[in-house]
>>> print(open('my_file.txt').read())   # compact mmCIF, C-alpha atoms
# COMPACT_ATOMS: atom_id res chain seq x y z
CA MET C 1455 0.00 0.00 0.00
CA ALA C 1456 1.48 3.34 -1.02
CA SER C 1457 2.03 5.89 1.71
CA SER C 1458 3.00 9.51 2.04
CA ILE C 1459 4.46 8.87 5.54
CA PRO C 1460 7.73 6.92 5.44
CA ALA C 1461 8.31 4.50 8.30
CA SER C 1462 11.36 6.53 9.36
CA SER C 1463 9.48 9.81 9.78
CA SER C 1464 10.04 11.68 13.03
CA PRO C 1465 7.23 11.10 15.53
CA THR C 1466 5.50 14.47 15.20
CA GLU C 1467 1.85 15.33 15.80
CA ALA C 1468 1.37 16.08 12.10
CA ALA C 1469 2.89 12.77 11.03
CA LEU C 1470 0.76 10.87 13.53
CA ARG C 1471 -2.43 12.61 12.39
CA ALA C 1472 -1.61 11.75 8.79
CA LEU C 1473 -0.93 8.10 9.59
CA LEU C 1474 -4.10 7.75 11.67
CA ALA C 1475 -6.12 9.26 8.81
CA GLU C 1476 -4.55 6.75 6.43
CA ILE C 1477 -5.31 3.86 8.76
CA ARG C 1478 -8.93 4.94 9.28
CA ALA C 1479 -9.36 5.08 5.51
CA CYS C 1480 -7.98 1.53 5.06
CA ARG C 1481 -10.01 -0.78 2.83
CA LEU C 1482 -7.54 -3.65 2.69
CA CYS C 1483 -10.00 -6.28 4.01
CA ALA C 1484 -13.24 -4.60 2.94
CA ALA C 1485 -14.50 -7.56 0.92
CA ALA C 1486 -14.20 -9.88 3.95
CA LEU C 1487 -15.76 -7.63 6.60
CA PRO C 1488 -19.51 -8.17 7.11
CA LEU C 1489 -20.09 -4.68 8.56
CA GLY C 1490 -17.54 -2.99 6.35
CA PRO C 1491 -14.21 -1.46 7.35
CA LYS C 1492 -14.08 0.86 10.35
CA PRO C 1493 -10.63 0.77 11.98
CA VAL C 1494 -10.78 1.55 15.71
CA LEU C 1495 -7.70 2.67 17.63
CA ARG C 1496 -6.52 5.49 19.88
CA LEU C 1497 -3.04 6.92 20.03
CA GLY C 1498 -1.34 10.16 21.01
CA LEU C 1499 2.30 11.10 21.24
CA GLY C 1500 3.88 10.39 24.59
CA ALA C 1501 1.72 7.40 25.59
CA ARG C 1502 3.36 5.29 28.28
CA LEU C 1503 0.96 2.33 28.31
CA LEU C 1504 -0.11 0.36 25.22
CA ILE C 1505 -3.17 -1.89 25.34
CA VAL C 1506 -3.28 -4.52 22.60
CA GLY C 1507 -6.58 -6.36 22.32
CA GLN C 1508 -7.86 -8.67 19.61
CA ALA C 1509 -10.40 -6.89 17.40
CA PRO C 1510 -13.49 -4.70 17.88
CA GLY C 1511 -16.84 -6.28 18.63
CA THR C 1512 -20.12 -5.03 17.23
CA ARG C 1513 -20.65 -2.40 19.94
CA VAL C 1514 -17.18 -1.01 19.49
CA HIS C 1515 -17.69 -1.02 15.72
CA ALA C 1516 -20.92 0.94 16.14
CA THR C 1517 -19.47 3.56 18.49
CA GLY C 1518 -15.90 3.76 17.24
CA ILE C 1519 -14.69 3.68 20.86
CA PRO C 1520 -12.35 0.80 21.79
CA TRP C 1521 -13.31 -1.33 24.79
CA ASN C 1522 -16.70 0.40 24.96
CA ASP C 1523 -18.50 -2.78 26.02
CA PRO C 1524 -18.74 -5.24 28.93
CA SER C 1525 -15.24 -6.53 28.15
CA GLY C 1526 -13.95 -3.00 28.54
CA ASP C 1527 -15.79 -2.59 31.81
CA ARG C 1528 -14.05 -5.67 33.20
CA LEU C 1529 -10.67 -4.59 31.83
CA ARG C 1530 -11.00 -1.20 33.53
CA ASP C 1531 -11.93 -3.01 36.74
CA TRP C 1532 -8.79 -5.13 36.44
CA LEU C 1533 -6.78 -1.95 36.01
CA ALA C 1534 -8.65 -0.10 38.80
CA MET C 1535 -9.11 2.71 36.29
CA ASP C 1536 -12.05 4.97 35.42
CA ARG C 1537 -13.14 5.73 31.85
CA GLU C 1538 -11.62 9.22 31.81
CA SER C 1539 -8.18 7.89 32.71
CA PHE C 1540 -8.53 4.88 30.39
CA TYR C 1541 -9.25 7.05 27.34
CA ASP C 1542 -6.53 9.62 27.99
CA GLU C 1543 -4.56 9.40 24.74
CA ARG C 1544 -1.70 11.40 26.25
CA ARG C 1545 -0.93 8.43 28.52
CA ILE C 1546 -2.60 5.33 27.04
CA ALA C 1547 -2.56 4.01 23.47
CA ILE C 1548 -5.05 1.36 22.32
CA VAL C 1549 -4.08 -0.59 19.20
CA PRO C 1550 -5.72 -4.01 18.73
CA VAL C 1551 -4.25 -6.74 16.57
CA GLY C 1552 -7.21 -6.36 14.22
CA LEU C 1553 -8.56 -2.85 13.79
CA CYS C 1554 -11.94 -3.78 12.29
CA TYR C 1555 -14.78 -6.06 13.37
CA PRO C 1556 -13.98 -9.39 11.66
CA GLY C 1557 -17.43 -10.97 11.76
CA ARG C 1558 -18.95 -13.79 13.73
CA GLY C 1559 -18.17 -17.48 13.65
CA ARG C 1560 -19.67 -20.57 15.23
CA ASN C 1561 -18.12 -19.91 18.65
CA GLY C 1562 -18.14 -16.13 18.78
CA ASP C 1563 -16.32 -13.42 16.90
CA LEU C 1564 -13.84 -14.50 14.26
CA PRO C 1565 -10.10 -14.00 14.83
CA PRO C 1566 -8.54 -10.68 13.80
CA ARG C 1567 -7.73 -10.40 10.12
CA ARG C 1568 -4.17 -11.58 9.51
CA GLU C 1569 -3.40 -8.70 7.16
CA CYS C 1570 -3.99 -5.99 9.73
CA ALA C 1571 -1.19 -6.01 12.30
CA PRO C 1572 1.67 -6.70 9.83
CA THR C 1573 0.39 -3.86 7.65
CA TRP C 1574 -0.03 -1.19 10.28
CA PHE C 1575 1.85 -1.98 13.48
CA PRO C 1576 5.34 -1.45 11.99
CA ARG C 1577 4.14 1.94 10.76
CA LEU C 1578 2.76 2.82 14.20
CA LYS C 1579 5.81 1.63 16.12
CA PRO C 1580 7.83 4.88 15.79
CA PHE C 1581 4.97 6.69 17.52
CA LEU C 1582 5.06 4.25 20.44
CA GLU C 1583 8.66 4.79 21.50
CA THR C 1584 7.59 6.28 24.84
CA VAL C 1585 5.58 3.17 25.80
CA ARG C 1586 6.94 1.53 28.95
CA LEU C 1587 4.51 -1.37 29.26
CA THR C 1588 2.32 -3.23 26.76
CA LEU C 1589 -0.72 -5.19 27.92
CA LEU C 1590 -1.35 -8.20 25.67
CA VAL C 1591 -5.03 -8.97 26.13
CA GLY C 1592 -5.98 -12.36 24.74
CA ALA C 1593 -4.28 -15.11 22.77
CA HIS C 1594 -4.15 -13.27 19.44
CA ALA C 1595 -2.36 -10.27 20.95
CA GLN C 1596 0.11 -12.59 22.63
CA ALA C 1597 0.68 -14.57 19.43
CA TYR C 1598 1.56 -11.46 17.44
CA HIS C 1599 3.76 -9.72 20.01
CA LEU C 1600 5.36 -12.67 21.82
CA GLY C 1601 5.58 -15.23 19.05
CA PRO C 1602 7.74 -18.18 20.18
CA LEU C 1603 8.15 -16.67 23.64
CA ARG C 1604 4.61 -17.77 24.51
CA LYS C 1605 4.13 -20.74 26.78
CA ARG C 1606 2.15 -23.84 25.78
CA ASP C 1607 -1.21 -22.04 26.04
CA LEU C 1608 -2.80 -18.78 27.23
CA THR C 1609 -3.18 -19.98 30.82
CA ALA C 1610 0.49 -20.82 31.12
CA THR C 1611 1.49 -17.56 29.44
CA VAL C 1612 -0.62 -15.48 31.80
CA ARG C 1613 0.61 -17.37 34.85
CA ALA C 1614 4.20 -16.70 33.77
CA PHE C 1615 3.56 -12.97 33.42
CA ARG C 1616 6.72 -12.14 35.37
CA ASP C 1617 8.81 -13.67 32.57
CA TYR C 1618 7.68 -10.87 30.23
CA LEU C 1619 8.08 -7.88 32.51
CA PRO C 1620 8.94 -5.04 32.29
CA THR C 1621 8.04 -4.91 28.59
CA PHE C 1622 4.87 -6.98 28.30
CA PHE C 1623 2.06 -8.11 30.60
CA PRO C 1624 -0.08 -10.96 29.16
CA LEU C 1625 -3.74 -11.16 30.19
CA PRO C 1626 -6.76 -13.30 29.37
CA HIS C 1627 -9.49 -11.60 27.41
CA PRO C 1628 -12.00 -9.96 29.79
CA SER C 1629 -14.98 -11.08 27.70
CA PRO C 1630 -18.05 -12.34 29.57
CA ARG C 1631 -17.42 -15.59 27.69
CA ASN C 1632 -14.33 -16.09 29.87
CA ILE C 1633 -16.12 -16.08 33.22
CA GLY C 1634 -15.55 -19.84 33.41
CA TRP C 1635 -11.81 -19.39 32.92
CA LEU C 1636 -11.68 -16.80 35.70
CA ARG C 1637 -13.57 -19.10 38.07
CA ARG C 1638 -11.28 -22.03 37.31
CA HIS C 1639 -8.16 -19.95 37.93
CA PRO C 1640 -8.61 -17.99 41.17
CA TRP C 1641 -4.87 -17.29 41.21
CA PHE C 1642 -5.47 -14.71 38.49
CA GLU C 1643 -7.38 -12.39 40.81
CA ARG C 1644 -5.19 -13.22 43.79
CA GLU C 1645 -1.75 -13.02 42.19
CA VAL C 1646 -1.95 -11.37 38.79
CA LEU C 1647 -4.28 -8.42 39.32
CA PRO C 1648 -2.28 -6.81 42.15
CA ALA C 1649 0.89 -7.12 40.06
CA LEU C 1650 -0.92 -5.76 37.02
CA ARG C 1651 -2.13 -2.68 38.86
CA GLU C 1652 1.32 -2.07 40.28
CA ALA C 1653 2.98 -2.40 36.87
CA VAL C 1654 0.45 -0.10 35.19
CA GLU C 1655 0.77 2.53 37.91
CA ALA C 1656 4.56 2.49 37.54
CA ALA C 1657 4.34 2.75 33.75
CA LEU C 1658 2.04 5.75 33.91
CA GLN C 1659 4.23 7.76 36.25
CA PRO C 1660 5.49 11.03 34.72
CA PRO C 1661 8.93 10.88 33.10
>>> encode(input="my_file.txt", output="structure tokens")
Amino acid sequence: MASSIPASSSPTEAALRALLAEIRACRLCAAALPLGPKPVLRLGLGARLLIVGQAPGTRVHATGIPWNDPSGDRLRDWLAMDRESFYDERRIAIVPVGLCYPGRGRNGDLPPRRECAPTWFPRLKPFLETVRLTLLVGAHAQAYHLGPLRKRDLTATVRAFRDYLPTFFPLPHPSPRNIGWLRRHPWFEREVLPALREAVEAALQPP
């Protein structure tokens, strides 16, 4: 895809605005998206925390606001964070693996489109140089950003969260569909959430 913003451009406000406009106009997967393309992400210069989810659901697609659904409510609860703080682009960037709603399959939403992250994340990376901690929410986020560093499955990866600090913090997806997982693994609330909140608070401290 041709671009007027080279990957090596300095991370300026103007360059970021231009790149975000290009991303939001993306039609790369249009033919495969049942609700059409509508990339959803939030990013400002100077962000210190990056949240990487999987892909927007239907409510997020409709509103254009990431994590604007019950999954987002639970994620904010995990972070002990209110909506105003969560959506502060000066401190927190939100860039899912798939930027558009991928459609629904037999067991829920389809996986993120494979074309999305390789196309756009390398272009976004220069604007994320101030990020201190990246939350990898769900298996698809962990697959893209951790690759072979993942453990045998999501549960093992999340339980070994200390192995990825201070750069990454793997989490299960906070979807209501994962209530069973949370009940089967009480160590998550007991051991992981306090460490998560501590790591996030440290990452968001002023320079």
>>> closest_residue(input="my_file.txt", among="C:Leu1636, C:Leu1473, C:Leu1499, C:Ile1505", to="C:Gln1596", atoms="all atoms listed in the file")
C:Ile1505
>>> residues_around(input="my_file.txt", residues="C:Asp1607", least_positions_apart="2", cutoff="12 Å", atoms="all atoms listed in the file", output="list in words")
Gly1592, Ala1593, His1594, Gln1596, Ala1597, Gly1601, Pro1602, Leu1603, Arg1604, Lys1605, Thr1609, Ala1610, Thr1611, Val1612, Arg1613, Ala1614, Pro1624, Leu1625 and Pro1626 of chain C
>>> closest_residue(input="my_file.txt", among="C:Cys1554, C:Pro1465, C:Ser1525, C:Phe1540", to="C:Leu1495", atoms="all atoms listed in the file")
C:Cys1554
>>> closest_residue(input="my_file.txt", among="C:Arg1513, C:Arg1478, C:Arg1644, C:Arg1471", to="C:Gly1498", atoms="all atoms listed in the file")
C:Arg1471
>>> residues_around(input="my_file.txt", residues="C:Asp1531", least_positions_apart="3", cutoff="12 Å", atoms="all atoms listed in the file", output="list in words")
Pro1524, Ser1525, Gly1526, Asp1527, Arg1528, Ala1534, Met1535, Asp1536, Arg1537, Phe1540, Pro1628, Glu1643, Leu1647, Pro1648, Leu1650 and Arg1651 of chain C
>>> residues_around(input="my_file.txt", residues="stretch 1488-1491 of chain C", least_positions_apart="5", cutoff="8 Å", atoms="all atoms listed in the file", output="number ranges by chain")
C: 1480-1481, 1483, 1554-1557
>>> write_last_selection(input="my_file.txt", atoms="C-alpha atoms", output="PDB file, in the coordinates of the input")
ATOM      1  CA  CYS C1480      -7.980   1.530   5.060  1.00  0.00           C
ATOM      2  CA  ARG C1481     -10.010  -0.780   2.830  1.00  0.00           C
ATOM      3  CA  CYS C1483     -10.000  -6.280   4.010  1.00  0.00           C
ATOM      4  CA  CYS C1554     -11.940  -3.780  12.290  1.00  0.00           C
ATOM      5  CA  TYR C1555     -14.780  -6.060  13.370  1.00  0.00           C
ATOM      6  CA  PRO C1556     -13.980  -9.390  11.660  1.00  0.00           C
ATOM      7  CA  GLY C1557     -17.430 -10.970  11.760  1.00  0.00           C
TER       8      GLY C1557
END
>>> atom_distance(input="my_file.txt", atom1="atom CA of C:Thr1584", atom2="atom CA of C:Leu1482")
28.6 Å
>>> atom_distance(input="my_file.txt", atom1="atom CA of C:Pro1550", atom2="atom CA of C:Ala1595")
7.4 Å
>>> atom_distance(input="my_file.txt", atom1="atom CA of C:Gly1552", atom2="atom CA of C:Leu1497")
15.1 Å
>>> closest_atom_pairs(input="my_file.txt", of="stretch 1481-1511 of chain C", to="stretch 1558-1574 of chain C", cutoff="10 Å", atoms="all atoms listed in the file", output="tab-separated table")
residue	atom	partner	partner_atom	distance
C:Leu1482	CA	C:Glu1569	CA	7.9
C:Cys1483	CA	C:Glu1569	CA	7.7
C:Ala1486	CA	C:Arg1567	CA	9.0
C:Leu1487	CA	C:Arg1567	CA	9.2
C:Pro1488	CA	C:Arg1558	CA	8.7
C:Pro1493	CA	C:Cys1570	CA	9.7
C:Gly1507	CA	C:Pro1566	CA	9.8
C:Gln1508	CA	C:Pro1566	CA	6.2
C:Ala1509	CA	C:Pro1566	CA	5.5
C:Pro1510	CA	C:Pro1566	CA	8.8
C:Gly1511	CA	C:Asp1563	CA	7.4
>>> axis_aligned_box(input="my_file.txt", around="stretch 1575-1587 of chain C", padding_each_side="5 Å", output="JSON")
{"center_x": 5.3, "center_y": 2.4, "center_z": 20.0, "size_x": 16.8, "size_y": 18.7, "size_z": 28.5}
>>> residues_around(input="my_file.txt", residues="C:Leu1582", least_positions_apart="5", cutoff="12 Å", atoms="all atoms listed in the file", output="list of chain:residue names")
C:Ser1464, C:Pro1465, C:Thr1466, C:Leu1470, C:Arg1496, C:Leu1497, C:Gly1498, C:Leu1499, C:Gly1500, C:Ala1501, C:Arg1502, C:Leu1503, C:Leu1504, C:Ile1505, C:Glu1543, C:Arg1544, C:Arg1545, C:Ile1546, C:Ala1547, C:Ile1548, C:Val1549, C:Phe1575, C:Pro1576, C:Arg1577, C:Leu1587, C:Thr1588
>>> closest_residue(input="my_file.txt", among="C:Val1514, C:Leu1600, C:Ile1477, C:Ala1649", to="C:Leu1578", atoms="all atoms listed in the file")
C:Ile1477
